[in-house]
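So this block is start_10.cif, mmCIF, C-alpha atoms:
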data_work
loop_
_atom_site.label_atom_id
_atom_site.label_comp_id
_atom_site.auth_asym_id
_atom_site.auth_seq_id
_atom_site.Cartn_x
_atom_site.Cartn_y
_atom_site.Cartn_z
CA MET A 234 -17.88 72.69 115.95
CA GLY A 235 -20.41 70.57 117.69
CA VAL A 236 -21.36 73.41 120.03
CA THR A 237 -22.38 75.89 117.34
CA ALA A 238 -25.79 75.72 115.76
CA SER A 239 -25.97 73.90 112.45
CA SER A 240 -27.18 77.00 110.59
CA THR A 241 -23.93 78.90 111.22
CA THR A 242 -21.73 76.06 110.01
CA GLU A 243 -23.44 76.26 106.67
CA GLU A 244 -22.81 80.02 106.42
CA ASN A 245 -19.15 79.53 107.29
CA LEU A 246 -18.43 77.04 104.55
CA ASP A 247 -16.09 79.50 102.82
CA TRP A 248 -13.80 79.56 105.82
CA GLY A 249 -13.41 75.86 106.23
CA GLY A 250 -10.49 75.75 103.83
CA GLY A 251 -10.10 73.78 100.66
CA ASN A 252 -12.11 76.11 98.48
CA GLN A 253 -11.48 79.39 96.68
CA PRO A 254 -13.82 82.17 97.76
CA LEU A 255 -12.50 84.48 95.02
CA LYS A 256 -12.39 81.70 92.41
CA ALA A 257 -8.81 82.57 91.63
CA SER A 258 -5.68 80.57 92.25
CA TYR A 259 -2.90 81.64 94.59
CA GLY A 260 -0.60 82.64 91.73
CA LYS A 261 -3.22 84.75 90.04
CA LEU A 262 -4.08 86.55 93.27
CA MET A 263 -0.43 87.32 93.88
CA MET A 264 -0.08 88.66 90.36
CA TRP A 265 -3.01 90.95 91.05
CA PHE A 266 -1.45 92.09 94.33
CA PHE A 267 1.74 92.92 92.45
CA ILE A 268 -0.16 94.79 89.75
CA VAL A 269 -2.08 96.88 92.27
CA SER A 270 1.13 97.88 94.07
CA ASP A 271 2.92 98.55 90.79
CA ALA A 272 0.00 100.69 89.69
CA LEU A 273 0.52 102.75 92.84
CA THR A 274 4.22 103.14 91.99
CA PHE A 275 3.46 104.38 88.50
CA THR A 276 0.83 106.70 89.91
CA GLY A 277 3.48 108.15 92.20
CA PHE A 278 5.67 108.88 89.19
CA LEU A 279 2.94 110.29 86.99
CA VAL A 280 1.47 112.41 89.77
CA SER A 281 4.88 113.86 90.62
CA TYR A 282 5.24 114.64 86.92
CA GLY A 283 1.90 116.43 87.14
CA PHE A 284 3.11 118.24 90.26
CA SER A 285 6.22 119.58 88.51
CA ARG A 286 4.21 120.48 85.49
CA PHE A 287 1.57 122.42 87.40
CA LYS A 288 4.34 124.11 89.36
CA ASN A 289 5.90 125.32 86.09
CA ILE A 290 2.66 125.54 84.18
CA ASN A 291 3.68 128.68 82.24
CA SER A 292 7.02 127.36 81.01
CA TRP A 293 6.56 123.64 80.39
CA PRO A 294 7.85 122.28 77.04
CA ILE A 295 5.22 121.60 74.38
CA ALA A 296 5.29 117.88 73.56
CA ASP A 297 4.33 118.45 69.92
CA GLU A 298 7.55 120.39 69.41
CA VAL A 299 9.71 117.85 71.21
CA PHE A 300 8.66 114.57 69.61
CA THR A 301 8.51 115.30 65.91
CA HIS A 302 10.46 112.46 64.35
CA PHE A 303 9.30 109.55 62.26
CA PRO A 304 11.62 106.89 60.84
CA PHE A 305 12.79 107.58 57.27
CA LEU A 306 11.09 110.96 57.21
CA HIS A 307 13.94 113.35 57.80
CA GLY A 308 13.18 116.99 58.35
CA ILE A 309 9.45 116.44 58.18
CA ASP A 310 7.51 117.68 61.15
CA ALA A 311 5.46 114.66 62.27
CA PRO A 312 4.34 115.22 65.84
CA MET A 313 2.83 112.25 67.64
CA TYR A 314 2.57 109.90 64.67
CA TYR A 315 5.36 107.74 65.98
CA VAL A 316 4.06 107.41 69.54
CA ALA A 317 0.63 106.72 68.12
CA LEU A 318 2.18 103.89 66.14
CA MET A 319 3.91 102.62 69.27
CA THR A 320 0.59 102.69 71.11
CA PHE A 321 -1.03 100.63 68.40
CA VAL A 322 1.83 98.13 68.46
CA LEU A 323 1.45 97.68 72.20
CA ILE A 324 -2.34 97.38 72.07
CA PHE A 325 -2.01 94.85 69.30
CA SER A 326 0.51 92.77 71.21
CA SER A 327 -1.94 92.92 74.11
CA VAL A 328 -4.59 91.46 71.85
CA THR A 329 -2.37 88.59 70.72
CA MET A 330 -1.72 87.93 74.41
CA VAL A 331 -5.45 87.62 75.18
CA LEU A 332 -5.81 85.35 72.18
CA ALA A 333 -2.99 83.20 73.57
CA VAL A 334 -4.76 83.04 76.94
CA ASP A 335 -8.00 82.15 75.21
CA ALA A 336 -6.32 79.43 73.15
CA GLY A 337 -4.78 78.17 76.41
CA HIS A 338 -8.23 77.73 77.89
CA HIS A 339 -9.04 75.46 74.97
CA MET A 340 -5.71 73.61 75.32
CA GLN A 341 -4.65 74.47 71.77
CA LYS A 342 -0.90 74.27 72.05
CA SER A 343 0.04 75.38 68.54
CA LYS A 344 -2.22 78.43 68.71
CA VAL A 345 -0.79 79.46 72.08
CA THR A 346 2.71 79.13 70.63
CA PHE A 347 1.86 81.27 67.63
CA TYR A 348 0.17 84.03 69.60
CA MET A 349 2.93 84.09 72.22
CA LEU A 350 5.45 84.55 69.42
CA LEU A 351 3.47 87.49 68.02
CA THR A 352 3.28 89.00 71.50
CA VAL A 353 7.03 88.74 71.95
CA ILE A 354 7.62 90.36 68.55
CA GLY A 355 5.19 93.19 69.33
CA GLY A 356 6.92 93.84 72.64
CA ALA A 357 10.33 93.83 71.01
CA ILE A 358 9.17 96.35 68.38
CA PHE A 359 7.85 98.57 71.14
CA VAL A 360 11.11 98.48 73.14
CA GLY A 361 13.07 99.18 69.97
CA SER A 362 10.82 102.13 69.15
CA GLN A 363 11.31 103.52 72.60
CA ALA A 364 15.08 103.26 72.23
CA TRP A 365 14.84 105.17 68.96
CA GLU A 366 12.67 107.81 70.61
CA TRP A 367 15.24 108.18 73.38
CA LYS A 368 18.04 108.49 70.84
CA ASN A 369 16.30 111.40 69.10
CA PHE A 370 15.48 113.04 72.39
CA ILE A 371 19.06 112.78 73.67
CA LYS A 372 20.59 113.94 70.40
CA GLY A 373 18.36 116.99 70.07
CA GLU A 374 17.66 118.87 66.91
CA TYR A 375 18.17 122.62 67.02
CA GLY A 376 20.30 123.29 70.06
CA ALA A 377 19.74 126.16 72.46
CA LEU A 378 21.40 128.48 74.94
CA GLU A 379 20.96 128.33 78.68
CA THR A 380 20.76 131.44 80.87
CA ARG A 381 22.16 131.93 84.34
CA GLY A 382 18.76 131.12 85.78
CA GLY A 383 18.72 127.78 83.96
CA LYS A 384 16.17 128.93 81.38
CA ILE A 385 16.39 127.84 77.77
CA LEU A 386 16.58 130.24 74.82
CA GLN A 387 15.76 128.90 71.37
CA PHE A 388 16.31 130.57 68.01
CA LEU A 389 13.84 131.52 65.31
CA ASP A 390 13.94 132.94 61.82
CA ALA A 391 12.35 136.40 62.07
CA LYS A 392 10.48 136.08 58.77
CA THR A 393 9.13 132.55 58.85
CA LEU A 394 9.14 132.16 62.63
CA GLU A 395 10.53 128.68 62.19
CA ARG A 396 13.19 127.17 64.40
CA VAL A 397 16.80 127.65 63.37
CA SER A 398 19.55 125.29 64.41
CA ILE A 399 22.53 126.84 66.15
CA GLN A 400 24.72 124.90 63.75
CA GLU A 401 23.38 127.03 60.90
CA PHE A 402 24.26 130.48 62.13
CA ALA A 403 27.16 130.04 64.56
CA ILE A 404 30.41 131.52 63.30
CA GLY A 405 33.55 129.55 63.87
CA ILE A 406 36.15 131.04 66.15
CA GLU A 407 39.49 129.54 67.07
CA THR A 408 38.31 127.07 69.70
CA GLU A 409 39.77 127.74 73.08
CA ARG A 410 39.66 124.19 74.36
CA THR A 411 38.52 120.65 73.67
CA THR A 412 36.84 118.04 75.83
CA GLN A 413 39.10 116.75 78.56
CA LYS A 414 39.28 112.98 78.08
CA LEU A 415 40.41 110.31 80.48
CA SER A 416 43.20 109.35 78.09
CA ASN A 417 44.95 112.72 77.85
CA GLY A 418 44.62 114.01 81.40
CA ILE A 419 47.43 114.61 83.81
CA TRP A 420 45.28 113.07 86.48
CA PHE A 421 42.63 110.42 85.86
CA GLN A 422 39.85 112.84 85.18
CA ASP A 423 37.47 113.54 82.35
CA GLU A 424 34.46 115.77 81.87
CA ILE A 425 31.07 115.75 80.22
CA GLU A 426 31.32 115.97 76.43
CA LEU A 427 31.52 119.63 75.40
CA PRO A 428 28.90 120.89 72.93
CA SER A 429 30.09 121.02 69.33
CA LEU A 430 29.93 124.81 69.41
CA SER A 431 31.18 127.25 72.01
CA LEU A 432 29.04 129.96 73.55
CA ALA A 433 31.12 132.69 71.90
CA GLU A 434 30.57 131.19 68.45
CA VAL A 435 26.79 131.08 68.85
CA LYS A 436 26.70 134.59 70.29
CA LYS A 437 28.80 136.00 67.47
CA GLY A 438 26.68 134.27 64.85
CA PHE A 439 23.49 135.61 66.41
CA ILE A 440 24.72 139.21 66.59
CA GLU A 441 25.84 139.24 62.97
CA ASP A 442 22.65 137.74 61.53
CA SER A 443 19.92 140.35 62.07
CA ASN A 444 17.27 137.92 60.87
CA LEU A 445 17.32 135.88 64.08
CA LEU A 446 15.08 136.11 67.12
CA ILE A 447 15.12 134.45 70.51
CA ARG A 448 12.21 132.48 71.89
CA THR A 449 11.98 131.95 75.65
CA GLN A 450 10.39 128.98 77.37
CA LYS A 451 7.72 131.15 78.95
CA LEU A 452 4.26 130.45 77.54
CA ASP A 453 1.89 133.24 76.59
CA LYS A 454 -1.90 133.25 77.01
CA ASN A 455 -2.40 131.01 73.98
CA GLY A 456 0.00 128.44 75.36
CA GLU A 457 2.71 129.33 72.87
CA LYS A 458 6.28 130.27 73.67
CA THR A 459 7.08 133.98 73.94
CA ILE A 460 9.07 135.42 71.03
CA LEU A 461 11.30 138.37 71.91
CA SER A 462 11.98 141.34 69.66
CA ARG A 463 15.44 141.76 68.15
CA GLU A 464 16.47 144.31 70.83
CA GLU A 465 15.18 142.14 73.67
CA SER A 466 16.89 139.15 72.12
CA LEU A 467 20.28 140.89 72.04
CA LEU A 468 19.78 141.96 75.64
CA LYS A 469 18.85 138.44 76.67
CA LEU A 470 21.99 137.10 75.04
CA ASN A 471 24.08 138.72 77.78
CA ASN A 472 22.58 136.39 80.37
CA THR A 473 23.56 133.16 78.66
CA VAL A 474 26.11 130.84 80.19
CA ALA A 475 26.13 127.65 78.13
CA VAL A 476 25.30 125.94 74.86
CA VAL A 477 22.89 123.03 75.18
CA GLU A 478 22.54 120.34 72.53
CA GLY A 479 19.99 117.64 73.11
CA ALA A 480 18.87 116.52 76.53
CA ASN A 481 20.30 114.70 79.50
CA LEU A 482 19.57 114.66 83.21
CA ILE A 483 21.22 118.05 83.76
CA HIS A 484 20.52 120.10 80.63
CA ASN A 485 17.61 120.03 78.24
CA GLU A 486 17.39 122.02 75.03
CA TYR A 487 13.61 121.62 74.84
CA GLY A 488 12.91 123.70 77.94
CA ASN A 489 12.48 122.90 81.59
CA ARG A 490 15.08 120.32 82.65
CA LEU A 491 12.57 118.52 84.87
CA PHE A 492 10.77 117.54 81.69
CA ALA A 493 13.78 115.54 80.52
CA ASP A 494 14.28 114.01 83.97
CA PHE A 495 10.70 112.79 84.13
CA PHE A 496 10.78 111.65 80.53
CA PHE A 497 13.84 109.49 81.15
CA PHE A 498 12.57 108.23 84.45
CA ILE A 499 8.96 107.38 83.60
CA THR A 500 9.38 106.09 80.05
CA GLY A 501 12.55 104.34 81.19
CA PHE A 502 10.76 102.62 84.05
CA HIS A 503 7.94 101.65 81.73
CA GLY A 504 10.39 100.49 79.08
CA PHE A 505 12.09 98.33 81.67
CA HIS A 506 8.71 96.79 82.48
CA VAL A 507 8.18 96.04 78.80
CA LEU A 508 11.66 94.58 78.51
CA SER A 509 11.17 92.26 81.47
CA GLY A 510 7.72 91.42 80.09
CA VAL A 511 9.32 90.38 76.81
CA VAL A 512 11.86 88.22 78.66
CA ILE A 513 9.14 86.54 80.71
CA ASN A 514 7.05 86.05 77.57
CA ILE A 515 10.00 84.36 75.87
CA ILE A 516 10.39 81.99 78.83
CA ILE A 517 6.69 81.15 78.70
CA PHE A 518 6.92 80.76 74.92
CA PHE A 519 9.60 78.10 75.26
CA ASN A 520 7.71 76.40 78.08
CA VAL A 521 4.69 76.18 75.80
CA ILE A 522 6.81 74.67 73.02
CA LEU A 523 8.33 72.15 75.43
CA GLY A 524 4.81 71.17 76.45
CA THR A 525 5.22 72.05 80.14
CA TYR A 526 1.67 73.37 80.42
CA GLU A 527 0.27 70.58 78.29
CA ARG A 528 1.58 68.11 80.88
CA ARG A 529 0.42 70.31 83.74
CA GLY A 530 -3.07 70.16 82.28
CA HIS A 531 -3.75 73.87 82.21
CA TYR A 532 -2.28 77.06 80.73
CA GLU A 533 -2.83 79.27 83.74
CA MET A 534 0.78 80.45 83.64
CA VAL A 535 0.08 82.10 80.29
CA GLU A 536 -2.87 83.84 81.89
CA LYS A 537 -0.78 85.17 84.79
CA VAL A 538 1.92 86.53 82.51
CA GLY A 539 -0.85 87.91 80.34
CA LEU A 540 -2.11 89.93 83.30
CA TYR A 541 1.32 91.50 83.68
CA TRP A 542 1.55 92.20 79.97
CA HIS A 543 -1.84 93.92 79.87
CA PHE A 544 -0.86 95.96 82.87
CA VAL A 545 2.20 97.23 81.00
CA ASP A 546 -0.13 98.20 78.15
CA LEU A 547 -2.47 99.88 80.62
CA VAL A 548 0.34 101.99 82.05
CA TRP A 549 1.44 103.00 78.57
CA VAL A 550 -2.05 104.31 77.84
CA PHE A 551 -1.60 106.74 80.74
CA VAL A 552 2.02 107.62 79.93
CA PHE A 553 0.93 108.33 76.35
CA THR A 554 -1.80 110.67 77.52
CA PHE A 555 0.18 112.59 80.09
CA PHE A 556 3.45 112.92 78.18
CA TYR A 557 2.33 113.33 74.61
CA LEU A 558 -1.30 114.44 74.51
CA VAL A 559 -2.17 116.64 77.47
CA MET B 22 -11.91 78.80 83.90
CA ALA B 23 -14.04 77.37 81.16
CA ALA B 24 -14.74 79.31 78.00
CA GLU B 25 -18.44 79.63 78.74
CA ALA B 26 -17.63 81.54 81.95
CA HIS B 27 -16.76 84.64 79.93
CA LYS B 28 -19.24 87.46 79.89
CA LEU B 29 -19.56 88.32 76.26
CA ALA B 30 -21.41 91.63 76.30
CA ILE B 31 -19.84 95.08 76.36
CA PHE B 32 -21.34 98.59 76.54
CA ARG B 33 -23.75 97.41 79.27
CA GLY B 34 -25.15 94.67 77.07
CA LEU B 35 -25.55 96.88 74.01
CA LEU B 36 -23.11 94.79 72.04
CA LYS B 37 -23.02 91.01 72.44
CA PHE B 38 -20.41 88.77 70.94
CA LYS B 39 -20.74 85.13 69.99
CA SER B 40 -17.37 84.00 71.29
CA ASN B 41 -14.60 85.30 73.50
CA GLN B 42 -12.31 85.68 70.49
CA GLN B 43 -14.82 87.88 68.70
CA LYS B 44 -15.12 89.99 71.81
CA ILE B 45 -11.33 90.46 71.89
CA TRP B 46 -11.30 91.71 68.30
CA GLY B 47 -14.29 93.93 69.02
CA VAL B 48 -12.53 95.51 71.97
CA LEU B 49 -9.39 95.98 69.85
CA ILE B 50 -11.40 97.87 67.24
CA PHE B 51 -12.98 100.01 69.95
CA LEU B 52 -9.59 100.83 71.53
CA SER B 53 -8.10 101.63 68.12
CA ILE B 54 -10.95 104.03 67.36
CA ILE B 55 -10.42 105.83 70.66
CA THR B 56 -6.65 106.08 70.10
CA THR B 57 -7.23 107.42 66.59
CA ILE B 58 -9.62 110.05 67.94
CA GLU B 59 -7.05 111.03 70.56
CA VAL B 60 -4.23 111.36 68.04
CA ALA B 61 -6.43 113.26 65.58
CA LEU B 62 -7.54 115.70 68.27
CA GLY B 63 -3.93 116.07 69.42
CA ILE B 64 -2.78 117.00 65.93
CA ILE B 65 -5.70 119.19 64.87
CA LYS B 66 -6.29 120.83 68.27
CA PRO B 67 -9.74 122.25 67.38
CA GLU B 68 -10.18 125.85 68.44
CA PHE B 69 -13.54 125.31 70.17
CA LEU B 70 -11.98 122.82 72.60
CA MET B 71 -9.35 125.27 73.77
CA GLY B 72 -11.62 126.83 76.37
CA SER B 73 -10.87 126.25 80.01
CA PHE B 74 -12.90 124.13 82.39
CA MET B 75 -11.81 123.83 86.03
CA GLN B 76 -8.35 125.32 85.27
CA MET B 77 -7.70 122.86 82.48
CA LYS B 78 -8.36 122.92 78.74
CA ILE B 79 -11.50 121.08 77.63
CA LEU B 80 -9.32 119.18 75.17
CA ASN B 81 -7.20 117.87 78.03
CA TRP B 82 -10.32 116.76 79.90
CA ILE B 83 -11.40 114.85 76.81
CA PHE B 84 -7.99 113.17 76.61
CA ILE B 85 -8.12 112.11 80.25
CA ILE B 86 -11.68 110.79 79.99
CA LEU B 87 -10.85 108.82 76.83
CA THR B 88 -7.78 107.41 78.59
CA ILE B 89 -9.88 106.19 81.49
CA VAL B 90 -12.34 104.62 79.06
CA LYS B 91 -9.44 102.81 77.39
CA ALA B 92 -8.06 101.70 80.75
CA TYR B 93 -11.49 100.36 81.68
CA TYR B 94 -11.75 98.17 78.61
CA ILE B 95 -8.17 96.91 78.90
CA ALA B 96 -8.75 95.93 82.52
CA TRP B 97 -12.27 94.59 82.10
CA ASP B 98 -11.87 92.61 78.89
CA PHE B 99 -8.16 91.92 78.42
CA MET B 100 -7.42 91.34 82.08
CA HIS B 101 -10.77 89.55 82.57
CA ILE B 102 -11.92 91.63 85.52
CA ARG B 103 -15.41 91.37 84.04
CA ASP B 104 -15.34 87.63 84.71
CA GLU B 105 -13.96 87.78 88.25
CA LYS B 106 -16.02 87.47 91.42
CA SER B 107 -17.15 90.81 92.77
CA GLY B 108 -14.97 90.36 95.87
CA LEU B 109 -11.80 90.13 93.82
CA LYS B 110 -12.99 92.85 91.47
CA ASN B 111 -13.55 95.27 94.31
CA ALA B 112 -10.33 94.34 96.09
CA ILE B 113 -8.39 95.31 92.96
CA VAL B 114 -10.33 98.26 91.69
CA LEU B 115 -11.54 100.11 94.79
CA PRO B 116 -8.13 100.88 96.35
CA LEU B 117 -6.92 102.29 93.05
CA VAL B 118 -10.10 104.20 92.27
CA ILE B 119 -10.05 105.78 95.72
CA LEU B 120 -6.32 106.40 96.17
CA LEU B 121 -5.21 107.55 92.74
CA PRO B 122 -7.57 110.50 92.20
CA TYR B 123 -7.03 111.53 95.81
CA LEU B 124 -3.24 111.61 95.43
CA ALA B 125 -3.49 113.41 92.10
CA LEU B 126 -5.92 115.97 93.50
CA ILE B 127 -3.94 116.98 96.59
CA LEU B 128 -0.61 117.14 94.76
CA LEU B 129 -1.96 119.16 91.85
CA ILE B 130 -3.65 121.63 94.19
CA GLU B 131 -0.39 121.99 96.08
CA ALA B 132 1.56 122.46 92.84
CA ASP B 133 -0.87 125.14 91.72
CA TYR B 134 -0.35 126.94 95.01
CA ILE B 135 3.45 126.78 94.64
CA PHE B 136 3.10 128.15 91.12
CA GLU B 137 1.11 131.11 92.44
CA VAL B 138 3.68 131.80 95.14
CA MET B 139 6.56 131.72 92.68
CA ASN B 140 4.63 133.73 90.14
CA SER B 141 3.47 136.55 92.37
CA GLY B 142 6.39 136.72 94.80
CA PHE B 143 9.15 139.26 94.75
CA VAL B 144 11.84 136.79 93.75
CA ALA B 145 12.90 136.75 90.12
CA TRP B 146 13.07 133.26 88.62
CA ASN B 147 13.55 134.25 85.04
CA PHE B 148 17.04 135.62 84.52
#

As structure tokens, what does this structure read like?
Amino acid sequence: MGVTASSTTEENLDWGGGNQPLKASYGKLMMWFFIVSDALTFTGFLVSYGFSRFKNINSWPIADEVFTHFPFLHGIDAPMYYVALMTFVLIFSSVTMVLAVDAGHHMQKSKVTFYMLLTVIGGAIFVGSQAWEWKNFIKGEYGALETRGGKILQFLDAKTLERVSIQEFAIGIETERTTQKLSNGIWFQDEIELPSLSLAEVKKGFIEDSNLLIRTQKLDKNGEKTILSREESLLKLNNTVAVVEGANLIHNEYGNRLFADFFFFITGFHGFHVLSGVVINIIIFFNVILGTYERRGHYEMVEKVGLYWHFVDLVWVFVFTFFYLV
Amino acid sequence: MAAEAHKLAIFRGLLKFKSNQQKIWGVLIFLSIITTIEVALGIIKPEFLMGSFMQMKILNWIFIILTIVKAYYIAWDFMHIRDEKSGLKNAIVLPLVILLPYLALILLIEADYIFEVMNSGFVAWNF
């Protein structure tokens, strides 16, 4: 030190240790590191979703037709309202989190407690909503047939051009077999739950009702699904191999199966983030009540968890856009 | 960090708030308005926004731009990036701003190419 000129020692003050060049504590910096890397992970998911979508750009499911449910409104077509509500819930719980952080800066314990509680409730509502959304998605609504090439055929009323559920027109035939369950097998083997209708029943019902048309998953120039004529529909029926009800990782009545895979994966990963966020928020909430941060002299822990919580909100903004809007 | 360390102006100083709490509510209102616009556009789907710009609908461009605006205000005001030192700010934002569009761009171009190959090839995919 003595050898260097005095002017350089003054410039190098930041490197002498004992101070914070970024004016942020160790914990906060690490939280930011985590957020940046997690942002890259989510980008990987969303970009691969975009990849699959652009690859199948002329046959991708239309989100407005997939997510049409709203609680207590049965049979009413309400695209997007529910996710919009979920978005508002999450933004609002983000706001209560900032308010908690702000109250923490002023060392107002009761206010922090109150706002943390609201944040936890908001997060819980969001996770619950997502579970409900998943339930509807998995259960499906109209049912469809799958062709040999893995394409989905949906059914329409020829006059109104509205969707028709396969349950409505299928004609019952003596069922040839039931789902093989673990309990009644000769060997310990079961299989995936069979659809409630067999392929033959749906086919028979379609042939006998001349008022039905088939809609393929291919999109026309206006971005709407192609509707086949009655003759084409009957021809197409020969290529079908399975009945699909609802969606899972293998079959998807809404269209391209990749759509369901990405939906489960991305919203599931995000939902898991929200869930762990809620758990962490609850821990912090109880720590606030116990006065841990009051004794520590600062509420920085609330701020760090807040960063994570806002990040979850931030990711949802993108998931919302790319899954439901675009 | 003391309360007076917050920067209380948004929209490049167009709108100044008296306290941090007021700013939070202000940002909430702003984010809500944007979300409402998004949802309304998504439901109405106005005909004049259905034109194509750079292989994507104008409506979709609007959605993406509004999303980025929302992301900016969540990060800057809720996550307090506005109040951080520029070193920390850049360390967080620059890697993401550089890497994410780059990754999206190359993968989407590649996907578009694969679509063309599958679409114009002699192999039937739709059977």

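Applied to the file shown here, the PyMOL selection byres ((chain B) within 7 of (chain A)) selects the residues Ala23, Ala24, Gln42, Ile45, Leu49, Val60, Gly63, Asn81, Phe84, Thr88, Ala92, Ile95, Phe99, Met100, Lys106, Gly108, Leu109, Ile113, Leu121, Ala125, Leu128, Leu129, Ala132, Asp133, Ile135, Phe136, Trp146, Asn147 and Phe148 of chain B.
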
Computed interatomic separation between CA of Ile399 (chain A) and CA of Trp367 (chain A) (Å) =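 One can read the CA of Ile399 (chain A) to CA of Trp367 (chain A) distance as 21.3 Å.
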
Need to verify the contact set: region 30-37 of chain B, 9 Å, all atoms listed in the file, exclusion of same-chain residues closer than 3 positions in sequence. Can you return it as a compact mmCIF listing (two decimals) with C-alpha atoms, keeping the file's coordinate frame?
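Dumped everything to part-v4.txt:
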# COMPACT_ATOMS: atom_id res chain seq x y z
CA LYS B 44 -15.12 89.99 71.81
CA VAL B 48 -12.53 95.51 71.97
CA TYR B 94 -11.75 98.17 78.61
CA ASP B 98 -11.87 92.61 78.89

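Using only C-alpha atoms, the shortest contact distance between Phe502 (chain A) and any of A:Met319, A:Met340, A:Ile371, A:Val545 is found at A:Val545.
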
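Nearest-residue note for Thr57 (chain B): choosing from B:Tyr123, B:Val144, B:Val138, B:Lys91, the minimum distance belongs to B:Lys91, counting all atoms listed in the file.
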
query = Within 10 Å of Ile517 (chain A), counting only C-alpha atoms, which residues qualify if same-chain residues fewer than 6 places away don't, as a ChimeraX atom specification?
reply = /A:346,349-350,511,523,525-526,534-535,538

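Minimum distance to Ala364 (chain A) across A:Val476, A:Val507, A:Leu452, A:Leu386 (counting all atoms listed in the file) occurs at A:Val507.
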
query = Exactly which residues make up the result of the PyMOL selection byres ((chain B and resi 28) around 7) on this file, given as a list in words?
reply = Ala26, His27, Leu29, Ala30, Arg103 and Asp104 of chain B

task = Considering only C-alpha atoms, return as a PyMOL selection string whatever protein or nucleic-acid residues lie within 9 Å of region 426-438 of chain A, sequence-local ones (same chain, fewer than 4 positions apart) excluded.
result = chain A and resi 378+399-406+408-409+411-414+442+470-471+473-478

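Between CA of Gly356 (chain A) and CA of Phe505 (chain A) the interatomic distance comes to 11.3 Å.
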
message = Please list as an MDAnalysis selection string every residue within 12 Å of Met71 (chain B), counting only C-alpha atoms and excluding residues in the same chain fewer than 2 positions away.
response = (chainID A and resid 454:456 559) or (chainID B and resid 62:63 65:69 73:74 76:83)

message = I'd like the interatomic distance between CA of Pro122 (chain B) and CA of Lys110 (chain B), to a tenth of an Å.
response =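 Separating CA of Pro122 (chain B) from CA of Lys110 (chain B) is a distance of 18.5 Å.
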
ask   = Hey, which of B:Leu87, B:Phe38, B:Leu120, B:Met139 ends up closest to Ser53 (chain B)? Count all atoms listed in the file.
value =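 Closest candidate: B:Leu87.
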
query = Residues at most 12 Å from Phe497 (chain A), counting only C-alpha atoms, excluding those fewer than 3 positions away in the same chain, as a list of chain:residue names?
reply = A:Phe278, A:Tyr282, A:Gln363, A:Ala364, A:Glu366, A:Trp367, A:Lys368, A:Phe370, A:Ile371, A:Ala480, A:Asn481, A:Leu482, A:Ile483, A:Asn485, A:Arg490, A:Leu491, A:Phe492, A:Ala493, A:Asp494, A:Thr500, A:Gly501, A:Phe502, A:His503, A:Gly504, A:Phe505, A:Phe556

Hey, could you patch up region 301-309 of chain A with N, CA, C and O atoms and hand it over as a PDB file, keeping the file's coordinate frame?
ATOM      1  N   THR A 301       8.993 115.002  67.260  1.00  0.00           N
ATOM      2  CA  THR A 301       8.510 115.300  65.910  1.00  0.00           C
ATOM      3  C   THR A 301       9.084 114.351  64.867  1.00  0.00           C
ATOM      4  O   THR A 301       8.903 114.561  63.686  1.00  0.00           O
ATOM      5  N   HIS A 302       9.772 113.318  65.324  1.00  0.00           N
ATOM      6  CA  HIS A 302      10.460 112.460  64.350  1.00  0.00           C
ATOM      7  C   HIS A 302       9.616 111.260  63.956  1.00  0.00           C
ATOM      8  O   HIS A 302       8.804 110.772  64.718  1.00  0.00           O
ATOM      9  N   PHE A 303       9.884 110.796  62.733  1.00  0.00           N
ATOM     10  CA  PHE A 303       9.300 109.550  62.260  1.00  0.00           C
ATOM     11  C   PHE A 303      10.380 108.860  61.426  1.00  0.00           C
ATOM     12  O   PHE A 303      11.065 109.523  60.658  1.00  0.00           O
ATOM     13  N   PRO A 304      10.536 107.549  61.564  1.00  0.00           N
ATOM     14  CA  PRO A 304      11.620 106.890  60.840  1.00  0.00           C
ATOM     15  C   PRO A 304      11.529 107.133  59.336  1.00  0.00           C
ATOM     16  O   PRO A 304      10.437 107.102  58.772  1.00  0.00           O
ATOM     17  N   PHE A 305      12.655 107.376  58.723  1.00  0.00           N
ATOM     18  CA  PHE A 305      12.790 107.580  57.270  1.00  0.00           C
ATOM     19  C   PHE A 305      12.159 108.863  56.759  1.00  0.00           C
ATOM     20  O   PHE A 305      12.131 109.117  55.576  1.00  0.00           O
ATOM     21  N   LEU A 306      11.620 109.670  57.636  1.00  0.00           N
ATOM     22  CA  LEU A 306      11.090 110.960  57.210  1.00  0.00           C
ATOM     23  C   LEU A 306      11.948 112.047  57.822  1.00  0.00           C
ATOM     24  O   LEU A 306      11.624 112.594  58.865  1.00  0.00           O
ATOM     25  N   HIS A 307      13.042 112.377  57.206  1.00  0.00           N
ATOM     26  CA  HIS A 307      13.940 113.350  57.800  1.00  0.00           C
ATOM     27  C   HIS A 307      13.460 114.765  57.515  1.00  0.00           C
ATOM     28  O   HIS A 307      13.050 115.070  56.413  1.00  0.00           O
ATOM     29  N   GLY A 308      13.528 115.592  58.526  1.00  0.00           N
ATOM     30  CA  GLY A 308      13.180 116.990  58.350  1.00  0.00           C
ATOM     31  C   GLY A 308      11.705 117.259  58.186  1.00  0.00           C
ATOM     32  O   GLY A 308      11.286 118.372  57.969  1.00  0.00           O
ATOM     33  N   ILE A 309      10.892 116.217  58.292  1.00  0.00           N
ATOM     34  CA  ILE A 309       9.450 116.440  58.180  1.00  0.00           C
ATOM     35  C   ILE A 309       8.871 116.474  59.590  1.00  0.00           C
ATOM     36  O   ILE A 309       9.174 115.629  60.426  1.00  0.00           O
TER      37      ILE A 309
END
